[in-house]
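Enquirer: Sharing a structure with you now.
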Amino acid sequence: MFDVGRLADRFIEMCRVNTPARREAELVGLVQARLERLGLECVRDEANAATGGDSGNLIATLPATAEALPLFFSCHFDTVEPNPGLKVVMEDGLIRSDGSTILGADDKAGMAPLLEAIEYLVTSGEPHGLIQLVLTVSEEVGLLGAHNLDRSLVRARHGYVLDTGPPVGSIVYTAPTQDTLEIAIEGRPAHAGFEPERGISAIEIAADAIVHMHLGRIDHETTANVGIIQGGSATNVVCPHVTMWAEARSRNPEKLRFQVEHMRFALTNSAAARGGRVQV
Ligand SMILES: [Zn+2]
């Protein structure tokens, strides 16, 4: 069975290694040595050439001892900051930091049990199919390790990513695709008291466009939102520039495209009606 004490020790040991994105090499080395001791074949890809980090992704392979679907399991090495000088507090059966730093459970709370499970599999002799660990770098800064993964090293076509939020035990089996829109609206400045008719208000273009957009919940798998609007400098100036950030998400790529097109259309329409310009 699992050795819970050993699992906790190793989890804490991993948390104590400070691993901001692009600085994961120390922990990668530690994990690689442990997996190699257990007989897994370890390869590091060259993702760091693209990420600018000090290590590539680690791909470890445990050969099959029985006929079964090849599986991969994935976690990431890096954590958000701040992490240096971590002080671990154990209380009521919980492991946490003292509050001055993060603990690093994301994603070491995924990786530690994974390594424990591999150790159990190897030492117990329980039969298993091909298992690959795809342990990535620089996840917190935009999934850079995963994006630059050398996929030729991953033979398993099905797998599990151990990296999600509470409640404990939840499984995420589908995720929406998301488009983020950065929108620049250009009007024309004018003194609002003397000659407002010479101006083209970027704020009015934005307002008109938003009024004509379907936003919020579009259907059971599609949502859209305008989240940030910036613009304007004084009440007596017809506002010449507005920048907006919006997003659309859908589990259906076709619907996502449609929603983004709809938002783009509302913007260009409103801009054209007032003689302004918009760039999405
Ligand atoms: Zn994570």
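Labels for the structure tokens follow display order: chains A, B, ..., residues from 1 in each chain, ligands from 1.
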Could you list the protein, DNA and RNA residues that have any atom within 10 Å of ligand 1, counting only C-alpha atoms and all ligand atoms, and write them as a PDB file with N, CA, C and O atoms, in the first residue's frame?
Expert:
```pdb
ATOM      1  N   CYS A  75       2.193  16.324 -14.680  1.00  0.00           N
ATOM      2  CA  CYS A  75       2.209  17.352 -13.634  1.00  0.00           C
ATOM      3  C   CYS A  75       3.199  18.417 -14.082  1.00  0.00           C
ATOM      4  O   CYS A  75       3.934  18.211 -15.038  1.00  0.00           O
ATOM      5  N   HIS A  76       3.245  19.539 -13.361  1.00  0.00           N
ATOM      6  CA  HIS A  76       4.270  20.539 -13.700  1.00  0.00           C
ATOM      7  C   HIS A  76       5.167  20.847 -12.506  1.00  0.00           C
ATOM      8  O   HIS A  76       4.739  20.764 -11.360  1.00  0.00           O
ATOM      9  N   PHE A  77       6.411  21.199 -12.806  1.00  0.00           N
ATOM     10  CA  PHE A  77       7.422  21.430 -11.785  1.00  0.00           C
ATOM     11  C   PHE A  77       7.315  22.811 -11.144  1.00  0.00           C
ATOM     12  O   PHE A  77       7.585  22.978  -9.954  1.00  0.00           O
ATOM     13  N   ASP A  78       6.986  23.824 -11.950  1.00  0.00           N
ATOM     14  CA  ASP A  78       7.096  25.200 -11.435  1.00  0.00           C
ATOM     15  C   ASP A  78       5.894  25.575 -10.585  1.00  0.00           C
ATOM     16  O   ASP A  78       4.819  24.980 -10.671  1.00  0.00           O
ATOM     17  N   THR A  79       6.104  26.583  -9.745  1.00  0.00           N
ATOM     18  CA  THR A  79       5.022  27.126  -8.924  1.00  0.00           C
ATOM     19  C   THR A  79       4.953  28.627  -9.160  1.00  0.00           C
ATOM     20  O   THR A  79       5.865  29.220  -9.722  1.00  0.00           O
ATOM     21  N   VAL A  80       3.853  29.211  -8.699  1.00  0.00           N
ATOM     22  CA  VAL A  80       3.810  30.671  -8.684  1.00  0.00           C
ATOM     23  C   VAL A  80       4.746  31.139  -7.569  1.00  0.00           C
ATOM     24  O   VAL A  80       5.199  30.356  -6.757  1.00  0.00           O
ATOM     25  N   GLY A 104       3.304  25.698  -2.541  1.00  0.00           N
ATOM     26  CA  GLY A 104       3.759  25.048  -3.774  1.00  0.00           C
ATOM     27  C   GLY A 104       3.000  23.765  -4.057  1.00  0.00           C
ATOM     28  O   GLY A 104       3.438  22.921  -4.825  1.00  0.00           O
ATOM     29  N   ALA A 105       1.830  23.615  -3.408  1.00  0.00           N
ATOM     30  CA  ALA A 105       1.028  22.414  -3.632  1.00  0.00           C
ATOM     31  C   ALA A 105       0.611  22.297  -5.097  1.00  0.00           C
ATOM     32  O   ALA A 105       0.415  21.193  -5.598  1.00  0.00           O
ATOM     33  N   ASP A 106       0.488  23.408  -5.749  1.00  0.00           N
ATOM     34  CA  ASP A 106       0.235  23.443  -7.197  1.00  0.00           C
ATOM     35  C   ASP A 106       1.586  23.514  -7.898  1.00  0.00           C
ATOM     36  O   ASP A 106       2.173  24.564  -7.980  1.00  0.00           O
ATOM     37  N   ASP A 107       2.211  22.471  -8.329  1.00  0.00           N
ATOM     38  CA  ASP A 107       1.523  21.223  -8.588  1.00  0.00           C
ATOM     39  C   ASP A 107       2.233  20.067  -7.872  1.00  0.00           C
ATOM     40  O   ASP A 107       2.120  18.921  -8.271  1.00  0.00           O
ATOM     41  N   LYS A 108       2.960  20.400  -6.796  1.00  0.00           N
ATOM     42  CA  LYS A 108       3.716  19.341  -6.122  1.00  0.00           C
ATOM     43  C   LYS A 108       2.784  18.361  -5.399  1.00  0.00           C
ATOM     44  O   LYS A 108       3.149  17.211  -5.167  1.00  0.00           O
ATOM     45  N   ALA A 109       1.571  18.811  -5.089  1.00  0.00           N
ATOM     46  CA  ALA A 109       0.585  17.900  -4.519  1.00  0.00           C
ATOM     47  C   ALA A 109       0.046  16.944  -5.575  1.00  0.00           C
ATOM     48  O   ALA A 109      -0.616  15.952  -5.270  1.00  0.00           O
ATOM     49  N   GLY A 110       0.332  17.236  -6.842  1.00  0.00           N
ATOM     50  CA  GLY A 110       0.027  16.277  -7.902  1.00  0.00           C
ATOM     51  C   GLY A 110       1.209  15.355  -8.129  1.00  0.00           C
ATOM     52  O   GLY A 110       1.057  14.142  -8.302  1.00  0.00           O
ATOM     53  N   SER A 138       7.526  25.429 -16.597  1.00  0.00           N
ATOM     54  CA  SER A 138       6.979  26.747 -16.975  1.00  0.00           C
ATOM     55  C   SER A 138       5.494  26.716 -17.343  1.00  0.00           C
ATOM     56  O   SER A 138       5.074  27.331 -18.322  1.00  0.00           O
ATOM     57  N   GLU A 139       4.730  26.021 -16.506  1.00  0.00           N
ATOM     58  CA  GLU A 139       3.281  25.944 -16.736  1.00  0.00           C
ATOM     59  C   GLU A 139       2.594  27.240 -16.328  1.00  0.00           C
ATOM     60  O   GLU A 139       1.688  27.726 -16.998  1.00  0.00           O
ATOM     61  N   GLU A 140       3.063  27.808 -15.221  1.00  0.00           N
ATOM     62  CA  GLU A 140       2.359  28.964 -14.621  1.00  0.00           C
ATOM     63  C   GLU A 140       2.478  30.231 -15.459  1.00  0.00           C
ATOM     64  O   GLU A 140       1.796  31.212 -15.198  1.00  0.00           O
ATOM     65  N   LEU A 143       1.690  27.776 -19.858  1.00  0.00           N
ATOM     66  CA  LEU A 143       1.825  26.397 -20.371  1.00  0.00           C
ATOM     67  C   LEU A 143       2.979  26.274 -21.367  1.00  0.00           C
ATOM     68  O   LEU A 143       2.887  25.549 -22.353  1.00  0.00           O
ATOM     69  N   VAL A 161      -3.970  14.474 -16.248  1.00  0.00           N
ATOM     70  CA  VAL A 161      -3.173  15.595 -15.755  1.00  0.00           C
ATOM     71  C   VAL A 161      -3.575  15.833 -14.302  1.00  0.00           C
ATOM     72  O   VAL A 161      -4.751  16.060 -14.016  1.00  0.00           O
ATOM     73  N   LEU A 162      -2.608  15.717 -13.419  1.00  0.00           N
ATOM     74  CA  LEU A 162      -2.917  15.858 -11.989  1.00  0.00           C
ATOM     75  C   LEU A 162      -2.667  17.313 -11.589  1.00  0.00           C
ATOM     76  O   LEU A 162      -1.626  17.659 -11.039  1.00  0.00           O
ATOM     77  N   ASP A 163      -3.616  18.168 -11.894  1.00  0.00           N
ATOM     78  CA  ASP A 163      -3.414  19.595 -11.650  1.00  0.00           C
ATOM     79  C   ASP A 163      -4.747  20.316 -11.755  1.00  0.00           C
ATOM     80  O   ASP A 163      -5.039  20.968 -12.748  1.00  0.00           O
ATOM     81  N   THR A 164      -5.566  20.205 -10.712  1.00  0.00           N
ATOM     82  CA  THR A 164      -6.810  20.961 -10.731  1.00  0.00           C
ATOM     83  C   THR A 164      -7.153  21.388  -9.318  1.00  0.00           C
ATOM     84  O   THR A 164      -6.544  20.935  -8.362  1.00  0.00           O
ATOM     85  N   GLY A 165      -8.107  22.273  -9.193  1.00  0.00           N
ATOM     86  CA  GLY A 165      -8.452  22.820  -7.887  1.00  0.00           C
ATOM     87  C   GLY A 165      -9.440  21.955  -7.136  1.00  0.00           C
ATOM     88  O   GLY A 165      -9.821  20.887  -7.607  1.00  0.00           O
TER      89      GLY A 165
END
```
Enquirer: Would you mind listing what lies within 7 Å of region 41-57 of chain A as a PyMOL selection string, with only C-alpha atoms counted and same-chain residues fewer than 2 positions away left out?
Expert: chain A and resi 22-25+32+36+39+59-62+135-137+144-145+148-150
Enquirer: Convert the current residue selection to file output with N, CA and C atoms, as a short mmCIF file (atom, residue, chain, number, x, y, z; two decimals), in the first residue's frame.
Expert:
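For reference, out20.cif as written:
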```cif
data_model
loop_
_atom_site.label_atom_id
_atom_site.label_comp_id
_atom_site.auth_asym_id
_atom_site.auth_seq_id
_atom_site.Cartn_x
_atom_site.Cartn_y
_atom_site.Cartn_z
N ARG A 22 10.76 28.66 -15.19
CA ARG A 22 12.06 28.77 -15.87
C ARG A 22 13.25 28.46 -14.96
N ARG A 23 12.99 28.16 -13.67
CA ARG A 23 14.08 27.81 -12.75
C ARG A 23 13.72 26.49 -12.04
N GLU A 24 13.53 25.47 -12.85
CA GLU A 24 13.06 24.20 -12.30
C GLU A 24 14.14 23.14 -12.24
N ALA A 25 15.36 23.44 -12.78
CA ALA A 25 16.36 22.38 -13.00
C ALA A 25 16.69 21.58 -11.74
N GLN A 32 14.23 13.26 -11.44
CA GLN A 32 14.82 12.36 -12.44
C GLN A 32 15.66 11.28 -11.75
N GLU A 36 14.95 7.33 -12.02
CA GLU A 36 15.97 6.44 -12.60
C GLU A 36 16.34 5.33 -11.61
N GLY A 39 14.15 2.59 -12.02
CA GLY A 39 14.27 1.87 -13.28
C GLY A 39 13.53 2.49 -14.44
N ILE A 59 10.44 13.47 -19.47
CA ILE A 59 9.54 12.39 -19.87
C ILE A 59 10.15 11.08 -19.37
N ALA A 60 9.43 10.40 -18.49
CA ALA A 60 9.94 9.17 -17.88
C ALA A 60 9.03 8.02 -18.29
N THR A 61 9.63 6.90 -18.65
CA THR A 61 8.86 5.77 -19.16
C THR A 61 9.09 4.52 -18.32
N LEU A 62 7.97 3.93 -17.91
CA LEU A 62 8.01 2.66 -17.19
C LEU A 62 7.47 1.60 -18.15
N LEU A 135 6.33 15.35 -17.29
CA LEU A 135 6.47 16.35 -16.22
C LEU A 135 7.01 17.63 -16.84
N THR A 136 6.17 18.66 -16.81
CA THR A 136 6.46 19.84 -17.63
C THR A 136 7.01 21.01 -16.81
N VAL A 137 7.63 21.93 -17.52
CA VAL A 137 8.19 23.14 -16.91
C VAL A 137 7.36 24.35 -17.33
N LEU A 144 4.07 27.00 -21.10
CA LEU A 144 5.16 27.04 -22.08
C LEU A 144 5.81 25.68 -22.28
N GLY A 145 5.98 24.93 -21.17
CA GLY A 145 6.58 23.61 -21.30
C GLY A 145 5.72 22.70 -22.15
N ASN A 148 5.75 23.51 -25.85
CA ASN A 148 7.00 23.19 -26.54
C ASN A 148 7.46 21.75 -26.28
N LEU A 149 6.54 20.93 -25.79
CA LEU A 149 6.85 19.53 -25.51
C LEU A 149 7.25 18.78 -26.79
N ASP A 150 8.29 17.98 -26.69
CA ASP A 150 8.66 17.11 -27.82
C ASP A 150 7.73 15.90 -27.77
#
```
Enquirer: Determine, counting only C-alpha atoms, which protein, DNA and RNA residues have an atom within 9 Å of an atom of His158 (chain A); residues of the same chain fewer than 6 positions away are not included. Present the result as a list in words.
Expert: Leu69, Pro70, Leu71, Phe72 and Phe73 of chain A
Enquirer: How would the residues just picked look written out with N, CA and C atoms as a PDB file, in the first residue's frame?
Expert:
```
ATOM      1  N   LEU A  69      -3.826  -0.608 -21.814  1.00  0.00           N
ATOM      2  CA  LEU A  69      -3.759   0.658 -22.539  1.00  0.00           C
ATOM      3  C   LEU A  69      -2.591   1.490 -21.997  1.00  0.00           C
ATOM      4  N   PRO A  70      -1.678   1.933 -22.879  1.00  0.00           N
ATOM      5  CA  PRO A  70      -0.613   2.825 -22.410  1.00  0.00           C
ATOM      6  C   PRO A  70      -1.203   4.127 -21.876  1.00  0.00           C
ATOM      7  N   LEU A  71      -0.698   4.582 -20.760  1.00  0.00           N
ATOM      8  CA  LEU A  71      -1.234   5.786 -20.130  1.00  0.00           C
ATOM      9  C   LEU A  71      -0.111   6.751 -19.797  1.00  0.00           C
ATOM     10  N   PHE A  72      -0.418   8.044 -19.892  1.00  0.00           N
ATOM     11  CA  PHE A  72       0.529   9.021 -19.347  1.00  0.00           C
ATOM     12  C   PHE A  72      -0.116   9.764 -18.188  1.00  0.00           C
ATOM     13  N   PHE A  73       0.749  10.270 -17.331  1.00  0.00           N
ATOM     14  CA  PHE A  73       0.319  11.112 -16.216  1.00  0.00           C
ATOM     15  C   PHE A  73       1.163  12.377 -16.270  1.00  0.00           C
TER      16      PHE A  73
END
```
Enquirer: If you run DSSP on the backbone, which residues of region 11-134 of chain A are strand (DSSP E or B), as a list in words?
Expert: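 Those in region 11-134 of chain A that DSSP calls strand (DSSP E or B) are Pro20, Glu41, Cys42, Val43, Arg44, Leu58, Ile59, Ala60, Thr61, Leu62, Leu71, Phe72, Phe73, Ser74, Cys75, His76, Thr79, Val88, Val89, Met90, Glu91, Leu94, Ile95, Arg96, Ser97, Ile131, Gln132, Leu133 and Val134 of chain A.
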Enquirer: How many Å lie between CA of Ser250 (chain A) and CA of Glu186 (chain A), rounded to one decimal?
Expert: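 Distance reported for this atom pair: 29.1 Å.
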Enquirer: Which residue, A:Val260, A:Val28, A:Ile203, A:Leu40, has the smallest gap to Ala248 (chain A) when you use only C-alpha atoms?
Expert: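 That would be A:Val260, the residue with the smallest distance to Ala248 (chain A).
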Enquirer: Excluding same-chain residues fewer than 2 positions from Arg251 (chain A), what lies within 12 Å of it counting only C-alpha atoms, as a PyMOL selection string?
Expert: chain A and resi 173-179+218-223+248-249+253-257
Enquirer: Using the selection just defined, write its residues with N, CA, C and O atoms as an mmCIF file, in the first residue's frame.
Expert:
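Once written, selection-v4.cif looks like this:
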```
data_model
loop_
_atom_site.group_PDB
_atom_site.id
_atom_site.type_symbol
_atom_site.label_atom_id
_atom_site.label_comp_id
_atom_site.auth_asym_id
_atom_site.auth_seq_id
_atom_site.Cartn_x
_atom_site.Cartn_y
_atom_site.Cartn_z
ATOM 1 N N TYR A 173 -13.060 16.842 -17.325
ATOM 2 C CA TYR A 173 -12.894 16.020 -18.527
ATOM 3 C C TYR A 173 -13.128 16.801 -19.809
ATOM 4 O O TYR A 173 -12.964 16.313 -20.898
ATOM 5 N N THR A 174 -13.515 18.063 -19.664
ATOM 6 C CA THR A 174 -13.646 18.875 -20.859
ATOM 7 C C THR A 174 -13.397 20.320 -20.468
ATOM 8 O O THR A 174 -13.737 20.729 -19.361
ATOM 9 N N ALA A 175 -12.746 21.052 -21.313
ATOM 10 C CA ALA A 175 -12.452 22.444 -20.992
ATOM 11 C C ALA A 175 -12.758 23.299 -22.202
ATOM 12 O O ALA A 175 -12.552 22.879 -23.334
ATOM 13 N N PRO A 176 -13.301 24.490 -21.982
ATOM 14 C CA PRO A 176 -13.628 25.343 -23.114
ATOM 15 C C PRO A 176 -12.387 25.906 -23.779
ATOM 16 O O PRO A 176 -11.358 26.092 -23.137
ATOM 17 N N THR A 177 -12.507 26.168 -25.061
ATOM 18 C CA THR A 177 -11.486 26.939 -25.750
ATOM 19 C C THR A 177 -11.810 28.400 -25.500
ATOM 20 O O THR A 177 -12.978 28.770 -25.404
ATOM 21 N N GLN A 178 -10.791 29.200 -25.379
ATOM 22 C CA GLN A 178 -11.023 30.600 -25.048
ATOM 23 C C GLN A 178 -10.313 31.501 -26.045
ATOM 24 O O GLN A 178 -9.193 31.222 -26.442
ATOM 25 N N ASP A 179 -10.989 32.556 -26.458
ATOM 26 C CA ASP A 179 -10.349 33.602 -27.256
ATOM 27 C C ASP A 179 -10.358 34.887 -26.445
ATOM 28 O O ASP A 179 -11.391 35.261 -25.894
ATOM 29 N N ILE A 218 -24.184 32.564 -23.316
ATOM 30 C CA ILE A 218 -24.767 32.525 -24.655
ATOM 31 C C ILE A 218 -25.595 31.257 -24.809
ATOM 32 O O ILE A 218 -26.727 31.287 -25.260
ATOM 33 N N ASP A 219 -25.020 30.121 -24.427
ATOM 34 C CA ASP A 219 -25.783 28.871 -24.363
ATOM 35 C C ASP A 219 -25.086 27.964 -23.358
ATOM 36 O O ASP A 219 -24.170 28.417 -22.659
ATOM 37 N N HIS A 220 -25.480 26.702 -23.296
ATOM 38 C CA HIS A 220 -24.963 25.851 -22.217
ATOM 39 C C HIS A 220 -23.467 25.611 -22.310
ATOM 40 O O HIS A 220 -22.849 25.190 -21.348
ATOM 41 N N GLU A 221 -22.857 25.931 -23.465
ATOM 42 C CA GLU A 221 -21.415 25.699 -23.549
ATOM 43 C C GLU A 221 -20.629 26.920 -24.028
ATOM 44 O O GLU A 221 -19.446 26.812 -24.325
ATOM 45 N N THR A 222 -21.290 28.065 -24.077
ATOM 46 C CA THR A 222 -20.635 29.257 -24.607
ATOM 47 C C THR A 222 -20.892 30.459 -23.700
ATOM 48 O O THR A 222 -22.023 30.679 -23.268
ATOM 49 N N THR A 223 -19.832 31.214 -23.408
ATOM 50 C CA THR A 223 -19.973 32.436 -22.618
ATOM 51 C C THR A 223 -19.142 33.544 -23.261
ATOM 52 O O THR A 223 -18.236 33.269 -24.048
ATOM 53 N N ALA A 248 -14.287 35.284 -25.115
ATOM 54 C CA ALA A 248 -15.379 34.362 -25.399
ATOM 55 C C ALA A 248 -14.847 32.968 -25.155
ATOM 56 O O ALA A 248 -13.667 32.695 -25.406
ATOM 57 N N ARG A 249 -15.701 32.103 -24.624
ATOM 58 C CA ARG A 249 -15.301 30.713 -24.387
ATOM 59 C C ARG A 249 -16.403 29.790 -24.883
ATOM 60 O O ARG A 249 -17.581 30.115 -24.741
ATOM 61 N N PRO A 253 -15.801 24.667 -30.821
ATOM 62 C CA PRO A 253 -14.960 25.621 -31.545
ATOM 63 C C PRO A 253 -15.739 26.434 -32.582
ATOM 64 O O PRO A 253 -15.447 27.610 -32.803
ATOM 65 N N GLU A 254 -16.751 25.810 -33.183
ATOM 66 C CA GLU A 254 -17.568 26.503 -34.188
ATOM 67 C C GLU A 254 -18.334 27.659 -33.536
ATOM 68 O O GLU A 254 -18.388 28.773 -34.057
ATOM 69 N N LYS A 255 -18.916 27.387 -32.388
ATOM 70 C CA LYS A 255 -19.668 28.423 -31.664
ATOM 71 C C LYS A 255 -18.743 29.529 -31.174
ATOM 72 O O LYS A 255 -19.127 30.697 -31.137
ATOM 73 N N LEU A 256 -17.534 29.146 -30.801
ATOM 74 C CA LEU A 256 -16.566 30.147 -30.354
ATOM 75 C C LEU A 256 -16.259 31.114 -31.497
ATOM 76 O O LEU A 256 -16.287 32.332 -31.326
ATOM 77 N N ARG A 257 -16.004 30.539 -32.666
ATOM 78 C CA ARG A 257 -15.702 31.376 -33.833
ATOM 79 C C ARG A 257 -16.868 32.314 -34.123
ATOM 80 O O ARG A 257 -16.689 33.502 -34.393
#
```
Enquirer: Compare A:Ala224, A:Ala184, A:Ala206, A:Leu267 by their minimum atom-to-atom distance to Thr243 (chain A), counting only C-alpha atoms, and give me the closest one.
Expert: A:Ala184
